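This report refers to the structure that appears directly beneath it.
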Amino acid sequence: MTDTPVIELNGVSKSFGGVVANHSISLKVPGGGITGLIGPNGSGKTTLFNSIVGYHPIDEGSIRFKGQEISDYRVPQIARLGLLRTFQQTRIYSNMNCIDNMLISIPHRKLGFRDMFKNRGDKATMEEVDRLLDFVGLYEKRRLISGDLSFGQQKLLEFAMALMNRPEVLLLDEPTAGINPTLINGLIDRLRRANEELGITLFVIEHNMRVIMNMAQSIYCLAHGELLAHGTPDEIQNDQRVIDAYLGAH
Amino acid sequence: MESFSPKLHLPILIFGVAAPFVIPGVTIQIAVLWVMVLFALTWDILGGQMGYNSLGNILFFGSGMYISAVVQVSMFADVAEYTASSGAVDFKYTDAQYFWGLGLGVIAAGIGSAVLAAAIGWTMFGLRGPYFAIGTLGIALTAGELMGTWSWVGAGGGLAMPVFPGSADGKSMMFYFLCFFAAIATYLFCSWLYSTRFGLAINAIRDDEQKAEAMGIHTLRYKTIAWSAAAFFLGISGALFGNITGFVEPLEVAFPVATFGIFMVAMSLLGGKGTLWGPILGAILFHFLKEFTWTYFLGWQWVALGVLIIVNVVFFQQGIMGWLMDKFPERFGIVVDKKEAAE
């Protein structure tokens with residue numbers, strides 16, 4: 001883990017009409033680590049993710065990715081820089097089979113005009129597809145139409161697609177939501193391995209405290225669109241403001 | 001993917017080559033059938049494979065027709081003088097002039113329409129879903145009205161194409177095969193395109209465009225190229241069709257939004273959109289049904305077509321190919337996990 005932040009937010013604000021979803025949020029996601037983002041429902045976590053990946057313009061502040069200002073960039077440009085997100089409501093290409101879902105998830109940052117008309121996948125790419133589908137435990141189901149998979153499997157596929165894209169940073173929006181508790185441990189293990197073996201920096205929104213407290217080295221807590229607390233899992237767990245926010249005293 | 005396609009190649013090829021010799025009386029009707037196949041195939045690139053339902057693709061048919069007309073006329077005559085005379089002055093084209101003009105006109109029609117699609121796509125692709133459909137419809141309607149006011153190309157009065165230097169039968173035969181080749185070229189192009197990464201990318205855009213963007217896919221680039229490719233073939237079909245009718249007029253011939261423009265959509269839906277063979281089968285069935293009702297139920301033909309479209313859209317949305325793929329998935333290489341479905 002290095003000390004230079006890969007993502008650095010300074011005073012980011014975003015309002016929708018009169019609703020202030022994020023107010024002057026500043027945070028740093030260190031490269032190579034796992035950083036958590038928690039907060040009660042409606043506290044602005046997903047809005048913050050959307051702002052980072054360029055889904056909507058921000059009202060104020062600055063968002064830097066490896067020192068580069070990206071708050072004016074659009075979604076595909078940011079994705080091609082290597083900053084990728086998954087969705088809270090799992091999103092896959094539901095009429096295509098798992099292999100095709102994976103094949104089109106290759107990194108697009110260096111694709112030129114002629115690459116658009118190449119074969120769907122060369123040997124090396126196919127091997128990587130097999131390897132990653134095996135990594136998430138979907139190899140047996142690789143030829144199935146992805147929309148027919150169970151919700152948990154779709155979530156795993158989405159994760160495999162994200163890995164296929166070889167991102168530097170992965171923003172995961174509730175990776176364990178809706179997943180069968182027995183599968184959660186396997187997923188945590190895979191997220192950790194992606195972080196440790198592939199060196200992908202993770203920035204994770206998570207409601208499951210057991211999961212996030214175990215995984216993250218550093219956690220930010222939002223409440224009512226503002227940054228409430230920041231610290232190690234231990235510090236956050238014992239922070240009275242965080243406890244109040246979750247119990248509704250805030 | 002579609003395992004029976006090689007089995008259909010030969011019969012269709014034999015029919016296509018033999019038809020004008022075996023049933024010469026309907027050569028032009030079958031030529032139009034190939035144009036219909038081309039219509040449905042090109043519509044499906046966006047409508048079926050990419051999930052962008054355009055109601056204005058007829059625009060590129062019309063633009064191709066006008067571009068070829070202007071190229072064919074202007075190579076050996078002054079366009080304004082030619083249209084102003086409304087056929088009163090006899091512009092004689094030699095054989096060489098005619099065929100050079102036709103060849104270059106057809107190519108220019110394809111390229112010009114593709115460029116037009118890229119230019120329009122740059123703005124239109126900001127629209128999604130029904131807004132894209134209505135937006136494209138508006139552009140096609142506008143194009144017809146605008147061309148109707150432009151006197152350089154004959155305005156509402158239209159423009160007579162250079163006359164084919166030969167017999168009527170020779171003309172039918174030549175344009176029949178040009179239409180047939182254009183349809184084959186479109187089919188081969190689509191078949192190849194869908195087998196590449198491009199095919200996957202436009203399918204991804206269809207299934208979830210926001211996801212595709214979030215994964216870094218150059219969505220606008222893919223969409224623009226897809227529409228330009230469709231427009232290229234549509235432009236060529238327009239150029240051929242204009243020469244077959246011999247007369248280019250904005251509302252009925254070049255931009256028939258309510259007939260050809262809707263037929264493209266109806267044929268793809270009937271055959272099954274998002275498949276390679278669906279639009280082809282849809283076009284063939286639709287065209288035969290149309291010719292049949294026009295011949296035997298004249299006066300009721302629009303009612304019959306309307307009923308067909310309603311039944312198709314309400315009760316049979318997946319179309320012929322979609323139905324077959326549901327029924328016999330393994331024949332199309334689709335794997336269904338029965339155990340999983342029960343889970």
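Residue names in the structure tokens use chain letters A, B, ... in the order shown, residue numbers from 1 in each chain, and ligand numbers from 1 in the order shown.
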
Near-Glu158 of chain A list (8 Å; only C-alpha atoms; drop same-chain fewer than 5 positions) as number ranges by chain
A: 86, 90-92

Go ahead and save the residues from that selection, with N, CA, C and O atoms, as a PDB file, in the first residue's frame.
```
ATOM      1  N   THR A  86     -19.132  -0.907  -9.988  1.00  0.00           N
ATOM      2  CA  THR A  86     -20.235  -1.856 -10.170  1.00  0.00           C
ATOM      3  C   THR A  86     -21.475  -1.210  -9.581  1.00  0.00           C
ATOM      4  O   THR A  86     -21.379  -0.210  -8.876  1.00  0.00           O
ATOM      5  N   THR A  90     -27.529  -4.879  -9.616  1.00  0.00           N
ATOM      6  CA  THR A  90     -26.581  -5.543 -10.504  1.00  0.00           C
ATOM      7  C   THR A  90     -26.906  -5.303 -11.974  1.00  0.00           C
ATOM      8  O   THR A  90     -28.050  -5.407 -12.381  1.00  0.00           O
ATOM      9  N   ARG A  91     -25.889  -4.959 -12.730  1.00  0.00           N
ATOM     10  CA  ARG A  91     -26.124  -4.710 -14.147  1.00  0.00           C
ATOM     11  C   ARG A  91     -25.179  -5.551 -14.977  1.00  0.00           C
ATOM     12  O   ARG A  91     -23.960  -5.438 -14.876  1.00  0.00           O
ATOM     13  N   ILE A  92     -25.780  -6.389 -15.785  1.00  0.00           N
ATOM     14  CA  ILE A  92     -25.029  -7.223 -16.713  1.00  0.00           C
ATOM     15  C   ILE A  92     -25.766  -7.122 -18.053  1.00  0.00           C
ATOM     16  O   ILE A  92     -26.814  -6.507 -18.121  1.00  0.00           O
TER      17      ILE A  92
END
```

Could you name the residues that touch Ile205 of chain A at 12 Å or less, counting only C-alpha atoms, but leaving out those on the same chain fewer than 2 positions away, as a PDB file with N, CA and C atoms, in the first residue's frame?
```pdb
ATOM      1  N   ILE A  34      -7.942  -1.240   0.706  1.00  0.00           N
ATOM      2  CA  ILE A  34      -9.395  -1.377   0.653  1.00  0.00           C
ATOM      3  C   ILE A  34      -9.967  -0.307   1.574  1.00  0.00           C
ATOM      4  N   THR A  35     -10.776   0.568   0.991  1.00  0.00           N
ATOM      5  CA  THR A  35     -11.368   1.653   1.751  1.00  0.00           C
ATOM      6  C   THR A  35     -12.877   1.446   1.772  1.00  0.00           C
ATOM      7  N   GLY A  36     -13.485   1.663   2.923  1.00  0.00           N
ATOM      8  CA  GLY A  36     -14.926   1.471   3.039  1.00  0.00           C
ATOM      9  C   GLY A  36     -15.668   2.789   3.054  1.00  0.00           C
ATOM     10  N   LEU A  37     -16.921   2.742   2.621  1.00  0.00           N
ATOM     11  CA  LEU A  37     -17.793   3.913   2.704  1.00  0.00           C
ATOM     12  C   LEU A  37     -19.110   3.418   3.276  1.00  0.00           C
ATOM     13  N   ILE A  38     -19.436   3.881   4.474  1.00  0.00           N
ATOM     14  CA  ILE A  38     -20.680   3.432   5.092  1.00  0.00           C
ATOM     15  C   ILE A  38     -21.562   4.634   5.402  1.00  0.00           C
ATOM     16  N   GLY A  39     -22.745   4.344   5.855  1.00  0.00           N
ATOM     17  CA  GLY A  39     -23.693   5.405   6.200  1.00  0.00           C
ATOM     18  C   GLY A  39     -25.093   4.875   6.067  1.00  0.00           C
ATOM     19  N   PRO A  40     -26.025   5.466   6.816  1.00  0.00           N
ATOM     20  CA  PRO A  40     -27.411   5.002   6.741  1.00  0.00           C
ATOM     21  C   PRO A  40     -27.985   5.206   5.340  1.00  0.00           C
ATOM     22  N   ASN A  41     -29.116   4.572   5.076  1.00  0.00           N
ATOM     23  CA  ASN A  41     -29.774   4.748   3.784  1.00  0.00           C
ATOM     24  C   ASN A  41     -30.039   6.229   3.524  1.00  0.00           C
ATOM     25  N   SER A  43     -27.840   8.493   2.842  1.00  0.00           N
ATOM     26  CA  SER A  43     -26.814   9.409   3.337  1.00  0.00           C
ATOM     27  C   SER A  43     -25.926   9.957   2.222  1.00  0.00           C
ATOM     28  N   GLY A  44     -26.137   9.489   0.998  1.00  0.00           N
ATOM     29  CA  GLY A  44     -25.399  10.061  -0.133  1.00  0.00           C
ATOM     30  C   GLY A  44     -24.225   9.239  -0.629  1.00  0.00           C
ATOM     31  N   LYS A  45     -24.171   7.975  -0.255  1.00  0.00           N
ATOM     32  CA  LYS A  45     -23.042   7.135  -0.663  1.00  0.00           C
ATOM     33  C   LYS A  45     -23.037   6.892  -2.176  1.00  0.00           C
ATOM     34  N   THR A  46     -24.185   6.456  -2.689  1.00  0.00           N
ATOM     35  CA  THR A  46     -24.237   6.156  -4.118  1.00  0.00           C
ATOM     36  C   THR A  46     -24.089   7.431  -4.951  1.00  0.00           C
ATOM     37  N   THR A  47     -24.648   8.547  -4.451  1.00  0.00           N
ATOM     38  CA  THR A  47     -24.472   9.821  -5.156  1.00  0.00           C
ATOM     39  C   THR A  47     -22.988  10.153  -5.275  1.00  0.00           C
ATOM     40  N   LEU A  48     -22.254   9.892  -4.187  1.00  0.00           N
ATOM     41  CA  LEU A  48     -20.820  10.183  -4.214  1.00  0.00           C
ATOM     42  C   LEU A  48     -20.112   9.297  -5.246  1.00  0.00           C
ATOM     43  N   PHE A  49     -20.483   8.035  -5.284  1.00  0.00           N
ATOM     44  CA  PHE A  49     -19.917   7.130  -6.302  1.00  0.00           C
ATOM     45  C   PHE A  49     -20.239   7.641  -7.705  1.00  0.00           C
ATOM     46  N   ARG A  85     -16.741   1.073 -11.809  1.00  0.00           N
ATOM     47  CA  ARG A  85     -17.690   0.869 -10.722  1.00  0.00           C
ATOM     48  C   ARG A  85     -18.632  -0.286 -11.037  1.00  0.00           C
ATOM     49  N   THR A  86     -19.132  -0.907  -9.988  1.00  0.00           N
ATOM     50  CA  THR A  86     -20.235  -1.856 -10.170  1.00  0.00           C
ATOM     51  C   THR A  86     -21.475  -1.210  -9.581  1.00  0.00           C
ATOM     52  N   PHE A  87     -22.621  -1.783  -9.904  1.00  0.00           N
ATOM     53  CA  PHE A  87     -23.875  -1.131  -9.527  1.00  0.00           C
ATOM     54  C   PHE A  87     -24.545  -1.832  -8.355  1.00  0.00           C
ATOM     55  N   GLN A  88     -25.280  -1.026  -7.593  1.00  0.00           N
ATOM     56  CA  GLN A  88     -26.043  -1.558  -6.479  1.00  0.00           C
ATOM     57  C   GLN A  88     -27.096  -2.530  -6.997  1.00  0.00           C
ATOM     58  N   LEU A 170     -11.524  -0.125  -8.213  1.00  0.00           N
ATOM     59  CA  LEU A 170     -12.864  -0.660  -8.390  1.00  0.00           C
ATOM     60  C   LEU A 170     -13.758  -0.071  -7.307  1.00  0.00           C
ATOM     61  N   LEU A 171     -14.814   0.592  -7.746  1.00  0.00           N
ATOM     62  CA  LEU A 171     -15.788   1.121  -6.805  1.00  0.00           C
ATOM     63  C   LEU A 171     -16.937   0.119  -6.735  1.00  0.00           C
ATOM     64  N   LEU A 172     -17.106  -0.491  -5.579  1.00  0.00           N
ATOM     65  CA  LEU A 172     -18.120  -1.536  -5.458  1.00  0.00           C
ATOM     66  C   LEU A 172     -19.287  -1.012  -4.636  1.00  0.00           C
ATOM     67  N   ASP A 173     -20.459  -1.005  -5.246  1.00  0.00           N
ATOM     68  CA  ASP A 173     -21.640  -0.500  -4.545  1.00  0.00           C
ATOM     69  C   ASP A 173     -22.399  -1.691  -3.953  1.00  0.00           C
ATOM     70  N   GLU A 174     -22.244  -1.895  -2.675  1.00  0.00           N
ATOM     71  CA  GLU A 174     -22.880  -2.985  -1.947  1.00  0.00           C
ATOM     72  C   GLU A 174     -22.675  -4.360  -2.604  1.00  0.00           C
ATOM     73  N   PRO A 175     -21.438  -4.811  -2.626  1.00  0.00           N
ATOM     74  CA  PRO A 175     -21.160  -6.076  -3.307  1.00  0.00           C
ATOM     75  C   PRO A 175     -21.862  -7.282  -2.690  1.00  0.00           C
ATOM     76  N   THR A 176     -22.218  -7.225  -1.401  1.00  0.00           N
ATOM     77  CA  THR A 176     -22.812  -8.420  -0.804  1.00  0.00           C
ATOM     78  C   THR A 176     -24.323  -8.319  -0.638  1.00  0.00           C
ATOM     79  N   ALA A 177     -24.913  -7.183  -1.049  1.00  0.00           N
ATOM     80  CA  ALA A 177     -26.358  -7.033  -0.864  1.00  0.00           C
ATOM     81  C   ALA A 177     -27.117  -8.076  -1.673  1.00  0.00           C
ATOM     82  N   LEU A 202      -9.617  -1.077  -3.847  1.00  0.00           N
ATOM     83  CA  LEU A 202     -11.064  -1.206  -3.715  1.00  0.00           C
ATOM     84  C   LEU A 202     -11.623  -0.068  -2.867  1.00  0.00           C
ATOM     85  N   PHE A 203     -12.735   0.457  -3.324  1.00  0.00           N
ATOM     86  CA  PHE A 203     -13.472   1.474  -2.571  1.00  0.00           C
ATOM     87  C   PHE A 203     -14.895   0.939  -2.509  1.00  0.00           C
ATOM     88  N   HIS A 207     -23.274  -2.199   3.549  1.00  0.00           N
ATOM     89  CA  HIS A 207     -24.150  -2.096   4.713  1.00  0.00           C
ATOM     90  C   HIS A 207     -23.862  -3.189   5.731  1.00  0.00           C
ATOM     91  N   ASN A 208     -23.254  -4.255   5.251  1.00  0.00           N
ATOM     92  CA  ASN A 208     -22.967  -5.373   6.138  1.00  0.00           C
ATOM     93  C   ASN A 208     -21.707  -5.048   6.938  1.00  0.00           C
ATOM     94  N   MET A 209     -21.901  -4.676   8.216  1.00  0.00           N
ATOM     95  CA  MET A 209     -20.782  -4.184   9.036  1.00  0.00           C
ATOM     96  C   MET A 209     -19.710  -5.246   9.238  1.00  0.00           C
ATOM     97  N   VAL A 211     -18.791  -7.478   7.198  1.00  0.00           N
ATOM     98  CA  VAL A 211     -17.995  -7.535   5.976  1.00  0.00           C
ATOM     99  C   VAL A 211     -17.003  -6.380   5.912  1.00  0.00           C
ATOM    100  N   ILE A 212     -17.511  -5.181   6.070  1.00  0.00           N
ATOM    101  CA  ILE A 212     -16.650  -4.020   5.839  1.00  0.00           C
ATOM    102  C   ILE A 212     -15.610  -3.868   6.955  1.00  0.00           C
ATOM    103  N   MET A 213     -15.989  -4.197   8.175  1.00  0.00           N
ATOM    104  CA  MET A 213     -15.038  -4.079   9.288  1.00  0.00           C
ATOM    105  C   MET A 213     -13.885  -5.071   9.124  1.00  0.00           C
ATOM    106  N   MET A 215     -12.804  -6.217   6.133  1.00  0.00           N
ATOM    107  CA  MET A 215     -12.044  -6.031   4.901  1.00  0.00           C
ATOM    108  C   MET A 215     -11.220  -4.753   4.872  1.00  0.00           C
ATOM    109  N   ALA A 216     -11.863  -3.651   5.265  1.00  0.00           N
ATOM    110  CA  ALA A 216     -11.257  -2.348   4.992  1.00  0.00           C
ATOM    111  C   ALA A 216     -10.185  -1.975   5.997  1.00  0.00           C
ATOM    112  N   ILE A 219     -12.125   3.528   6.916  1.00  0.00           N
ATOM    113  CA  ILE A 219     -13.554   3.647   6.615  1.00  0.00           C
ATOM    114  C   ILE A 219     -14.005   5.102   6.757  1.00  0.00           C
ATOM    115  N   TYR A 220     -14.821   5.516   5.772  1.00  0.00           N
ATOM    116  CA  TYR A 220     -15.471   6.824   5.857  1.00  0.00           C
ATOM    117  C   TYR A 220     -16.939   6.599   6.142  1.00  0.00           C
ATOM    118  N   CYS A 221     -17.508   7.435   6.983  1.00  0.00           N
ATOM    119  CA  CYS A 221     -18.935   7.310   7.273  1.00  0.00           C
ATOM    120  C   CYS A 221     -19.651   8.594   6.883  1.00  0.00           C
ATOM    121  N   LEU A 222     -20.706   8.457   6.085  1.00  0.00           N
ATOM    122  CA  LEU A 222     -21.523   9.606   5.690  1.00  0.00           C
ATOM    123  C   LEU A 222     -22.833   9.577   6.450  1.00  0.00           C
TER     124      LEU A 222
END
```

Could the residues of chain A within 10 Å of chain B, counting only C-alpha atoms, be given as a VMD selection string, please?
chain A and resid 53 to 55 74 to 87 90 to 97 100 to 101 103 to 109 111 113 115 to 121 141 to 145 148 to 150 161 to 162 165 167

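The gap separating atom CA of Ser24 of chain A from atom CA of Glu226 of chain A is 7.1 Å, in Å to one decimal.
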
If you run DSSP on this backbone, which residues of segment 46-223 of chain A come out as alpha helix (DSSP H), and could you give them as a ChimeraX atom specification?
/A:46-52,75-81,98-103,123-135,151-164,181-197,209-215
